[in-house]
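Heads up, the thing below is written out as structure tokens.
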Amino acid sequence: MHSNFFNTFRYSDFDYGIYKNHITNYFGQCERLIYDYFAFKIVNVYTIPPNQFDPNYRLITCGLGVEQMQIPQDMVGLITDRIEIMLTLSPHLLEQKSSFAQGGWCPAAFLQDVANAIINEEKWAAENMYILYEPTEMNPNIDGAHFFELLHYPFPAQYIALGPTTTVQILEVFPNFSME
């Protein structure tokens, strides 16, 4: 991992190759959808379209795991301090695309909102955890996120080994719609 002259953090070319191969091997071909700058870091959002093994459409971040999260001291060694997050959109949900606009949420922006909360607000996330953050313009009805392990994939799919001492965990994330 390195910093370029714009002071934006990205996976090194070598680590990015490992990341992309891992995603392709376990989830399917991915393409960059959007990226955004958060605290001088780039967080890309990739799409993984449905394929012969999985009918779901997935969005996954790339870049969130570049730096360690600031986890509490009593959790060090118990949880992974680097994560990427994945959002699954079922075929049924995709058939009702208008529900995104009517429901007041944008799935790709949701991933960026969660990444922003983790990076800029120095929050941390682990499986079976929930974080709160302020609703945003793109997602005015969402005020938090729930994190879970990837249940429908083999254990090796959940972790990306970027070296002998660096592991990134992929967590499934679900929006929390506010009751207002």
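Residue numbering restarts at 1 for every chain of the structure tokens, chains are lettered A, B, ... in their displayed order, and ligands are numbered from 1 as they appear.
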
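Contact shell of segment 19-32 of chain A at 7 Å (only C-alpha atoms; same-chain neighbours under 2 positions omitted): Asp15, Tyr16, Gly17, Ile34, Asn44, Val45, Tyr46, Thr47, Ile48, Ala157 and Ile160 of chain A.
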
### Query
DSSP on the backbone: what in segment 43-164 of chain A comes out helix (DSSP H, G or I), as a ChimeraX atom specification?
/A:64-66,73-75,91-95,98-103,107-120,155-158

As a PDB file with C-alpha atoms, in the first residue's frame, please: the residues near Tyr133 of chain A (cut-off 12 Å, only C-alpha atoms, same-chain neighbours under 3 positions excluded).
```pdb
ATOM      1  CA  PHE A 110     -24.964   3.869   0.757  1.00  0.00           C
ATOM      2  CA  ASP A 113     -21.721   6.716   3.170  1.00  0.00           C
ATOM      3  CA  VAL A 114     -20.669   3.761   5.313  1.00  0.00           C
ATOM      4  CA  ALA A 115     -17.055   4.053   4.110  1.00  0.00           C
ATOM      5  CA  ASN A 116     -17.174   7.769   4.887  1.00  0.00           C
ATOM      6  CA  ALA A 117     -18.442   7.087   8.419  1.00  0.00           C
ATOM      7  CA  ILE A 118     -15.630   4.590   9.011  1.00  0.00           C
ATOM      8  CA  ILE A 119     -12.897   6.830   7.572  1.00  0.00           C
ATOM      9  CA  ASN A 120     -13.911  10.359   8.503  1.00  0.00           C
ATOM     10  CA  GLU A 121     -15.770   9.680  11.732  1.00  0.00           C
ATOM     11  CA  GLU A 122     -13.152   7.119  12.792  1.00  0.00           C
ATOM     12  CA  LYS A 123     -15.780   4.466  13.409  1.00  0.00           C
ATOM     13  CA  TRP A 124     -14.933   0.807  13.218  1.00  0.00           C
ATOM     14  CA  TYR A 130     -24.157  -1.905  14.043  1.00  0.00           C
ATOM     15  CA  THR A 136     -26.999  12.031   3.800  1.00  0.00           C
ATOM     16  CA  ASN A 139     -29.732   8.472   1.535  1.00  0.00           C
ATOM     17  CA  PRO A 140     -31.940  10.657   3.721  1.00  0.00           C
ATOM     18  CA  ASN A 141     -33.795   7.678   5.217  1.00  0.00           C
ATOM     19  CA  ILE A 142     -30.737   5.676   6.303  1.00  0.00           C
ATOM     20  CA  ASP A 143     -28.988   6.373   9.590  1.00  0.00           C
ATOM     21  CA  GLY A 144     -26.774   3.350  10.072  1.00  0.00           C
ATOM     22  CA  ALA A 145     -25.472   0.010   8.890  1.00  0.00           C
ATOM     23  CA  HIS A 146     -25.494  -3.588  10.136  1.00  0.00           C
ATOM     24  CA  PRO A 175     -28.856  -0.418   5.579  1.00  0.00           C
ATOM     25  CA  ASN A 176     -30.792   0.666   8.645  1.00  0.00           C
ATOM     26  CA  PHE A 177     -33.776   2.701   7.520  1.00  0.00           C
ATOM     27  CA  SER A 178     -34.663   5.398  10.054  1.00  0.00           C
TER      28      SER A 178
END
```

Pick out the residues sitting within 9 Å of segment 66-77 of chain A, and hand them over as a PDB file with C-alpha atoms, in the first residue's frame; count only C-alpha atoms, and ignore anything fewer than 2 positions along from it in its own chain.
```pdb
ATOM      1  CA  MET A   1       0.000   0.000   0.000  1.00  0.00           C
ATOM      2  CA  HIS A   2       1.266   3.436  -0.819  1.00  0.00           C
ATOM      3  CA  PHE A   9      -4.249   6.009  -0.369  1.00  0.00           C
ATOM      4  CA  ARG A  10      -4.774   3.047  -2.671  1.00  0.00           C
ATOM      5  CA  TYR A  11      -3.855  -0.583  -2.815  1.00  0.00           C
ATOM      6  CA  CYS A  62     -12.262  -1.395  -2.987  1.00  0.00           C
ATOM      7  CA  GLY A  63      -9.904   0.795  -0.964  1.00  0.00           C
ATOM      8  CA  LEU A  64     -11.546   0.837   2.443  1.00  0.00           C
ATOM      9  CA  ILE A  79     -11.249  -8.884  15.007  1.00  0.00           C
ATOM     10  CA  THR A  80      -9.761  -7.887  11.681  1.00  0.00           C
ATOM     11  CA  ASP A  81      -8.779  -4.222  11.569  1.00  0.00           C
ATOM     12  CA  ARG A  82      -9.130  -3.921   7.773  1.00  0.00           C
ATOM     13  CA  ILE A  83     -12.404  -4.460   5.927  1.00  0.00           C
ATOM     14  CA  ILE A 118     -15.630   4.590   9.011  1.00  0.00           C
ATOM     15  CA  ILE A 119     -12.897   6.830   7.572  1.00  0.00           C
ATOM     16  CA  GLU A 122     -13.152   7.119  12.792  1.00  0.00           C
ATOM     17  CA  LYS A 123     -15.780   4.466  13.409  1.00  0.00           C
ATOM     18  CA  TRP A 124     -14.933   0.807  13.218  1.00  0.00           C
ATOM     19  CA  ALA A 125     -16.947  -2.206  12.128  1.00  0.00           C
ATOM     20  CA  VAL A 168      -8.754  -7.775   4.808  1.00  0.00           C
TER      21      VAL A 168
END
```

### Message
Taking only C-alpha atoms into account, name the residue in A:Glu172, A:Glu84, A:Asp54, A:Glu137 that is nearest to Cys106 of chain A.
### Response
A:Glu137

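Distance-wise, atom CA of Gly65 of chain A and atom CA of Pro164 of chain A end up 15.5 Å apart.
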
#### Entry: Residues flagged strand (DSSP E) by DSSP in segment 20-177 of chain A, as a VMD selection string
chain A and resid 31 to 38 41 to 48 57 to 62 83 to 89 129 to 132 142 to 148 159 to 161 167 to 177

Restrict the selected residues to C-alpha atoms and save them as a PDB file, in the first residue's frame.
```
ATOM      1  CA  GLU A  31     -16.200  -3.586 -12.883  1.00  0.00           C
ATOM      2  CA  ARG A  32     -15.585  -0.215 -11.277  1.00  0.00           C
ATOM      3  CA  LEU A  33     -18.849   1.622 -10.902  1.00  0.00           C
ATOM      4  CA  ILE A  34     -17.950   4.809  -9.049  1.00  0.00           C
ATOM      5  CA  TYR A  35     -15.316   6.228  -6.772  1.00  0.00           C
ATOM      6  CA  ASP A  36     -15.223   9.044  -4.319  1.00  0.00           C
ATOM      7  CA  TYR A  37     -12.719  10.831  -2.155  1.00  0.00           C
ATOM      8  CA  PHE A  38     -13.059  10.519   1.602  1.00  0.00           C
ATOM      9  CA  LYS A  41      -8.558   8.410   0.310  1.00  0.00           C
ATOM     10  CA  ILE A  42     -10.188   6.862  -2.723  1.00  0.00           C
ATOM     11  CA  VAL A  43     -12.914   4.301  -2.118  1.00  0.00           C
ATOM     12  CA  ASN A  44     -14.052   2.618  -5.314  1.00  0.00           C
ATOM     13  CA  VAL A  45     -17.370   0.823  -5.618  1.00  0.00           C
ATOM     14  CA  TYR A  46     -17.387  -2.205  -7.911  1.00  0.00           C
ATOM     15  CA  THR A  47     -20.336  -4.050  -9.383  1.00  0.00           C
ATOM     16  CA  ILE A  48     -20.544  -7.820  -9.602  1.00  0.00           C
ATOM     17  CA  TYR A  57     -26.285  -8.261  -8.035  1.00  0.00           C
ATOM     18  CA  ARG A  58     -23.518  -7.157  -5.652  1.00  0.00           C
ATOM     19  CA  LEU A  59     -21.725  -3.919  -4.904  1.00  0.00           C
ATOM     20  CA  ILE A  60     -18.372  -4.031  -3.103  1.00  0.00           C
ATOM     21  CA  THR A  61     -15.899  -1.398  -1.971  1.00  0.00           C
ATOM     22  CA  CYS A  62     -12.262  -1.395  -2.987  1.00  0.00           C
ATOM     23  CA  ILE A  83     -12.404  -4.460   5.927  1.00  0.00           C
ATOM     24  CA  GLU A  84     -14.153  -4.094   2.612  1.00  0.00           C
ATOM     25  CA  ILE A  85     -17.950  -4.065   2.556  1.00  0.00           C
ATOM     26  CA  MET A  86     -20.393  -5.794   0.202  1.00  0.00           C
ATOM     27  CA  LEU A  87     -24.068  -5.079  -0.445  1.00  0.00           C
ATOM     28  CA  THR A  88     -26.279  -7.741  -2.036  1.00  0.00           C
ATOM     29  CA  LEU A  89     -29.248  -6.737  -4.175  1.00  0.00           C
ATOM     30  CA  MET A 129     -22.107  -5.030  14.708  1.00  0.00           C
ATOM     31  CA  TYR A 130     -24.157  -1.905  14.043  1.00  0.00           C
ATOM     32  CA  ILE A 131     -22.960   1.668  13.522  1.00  0.00           C
ATOM     33  CA  LEU A 132     -24.968   4.889  13.447  1.00  0.00           C
ATOM     34  CA  ILE A 142     -30.737   5.676   6.303  1.00  0.00           C
ATOM     35  CA  ASP A 143     -28.988   6.373   9.590  1.00  0.00           C
ATOM     36  CA  GLY A 144     -26.774   3.350  10.072  1.00  0.00           C
ATOM     37  CA  ALA A 145     -25.472   0.010   8.890  1.00  0.00           C
ATOM     38  CA  HIS A 146     -25.494  -3.588  10.136  1.00  0.00           C
ATOM     39  CA  PHE A 147     -22.464  -5.802   9.425  1.00  0.00           C
ATOM     40  CA  PHE A 148     -22.444  -9.586   9.089  1.00  0.00           C
ATOM     41  CA  TYR A 159     -10.715 -12.969   3.818  1.00  0.00           C
ATOM     42  CA  ILE A 160      -8.150 -11.518   1.413  1.00  0.00           C
ATOM     43  CA  ALA A 161      -4.520 -12.156   2.394  1.00  0.00           C
ATOM     44  CA  THR A 167      -5.619  -9.541   6.013  1.00  0.00           C
ATOM     45  CA  VAL A 168      -8.754  -7.775   4.808  1.00  0.00           C
ATOM     46  CA  GLN A 169     -12.157  -9.148   5.788  1.00  0.00           C
ATOM     47  CA  ILE A 170     -15.155  -8.740   3.493  1.00  0.00           C
ATOM     48  CA  LEU A 171     -18.319  -8.009   5.473  1.00  0.00           C
ATOM     49  CA  GLU A 172     -21.904  -8.030   4.243  1.00  0.00           C
ATOM     50  CA  VAL A 173     -23.612  -4.723   5.037  1.00  0.00           C
ATOM     51  CA  PHE A 174     -27.307  -3.888   5.325  1.00  0.00           C
ATOM     52  CA  PRO A 175     -28.856  -0.418   5.579  1.00  0.00           C
ATOM     53  CA  ASN A 176     -30.792   0.666   8.645  1.00  0.00           C
ATOM     54  CA  PHE A 177     -33.776   2.701   7.520  1.00  0.00           C
TER      55      PHE A 177
END
```

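Atom pair atom CA of Pro55 of chain A / atom CA of His92 of chain A has a distance of 10.0 Å (rounded to one decimal).
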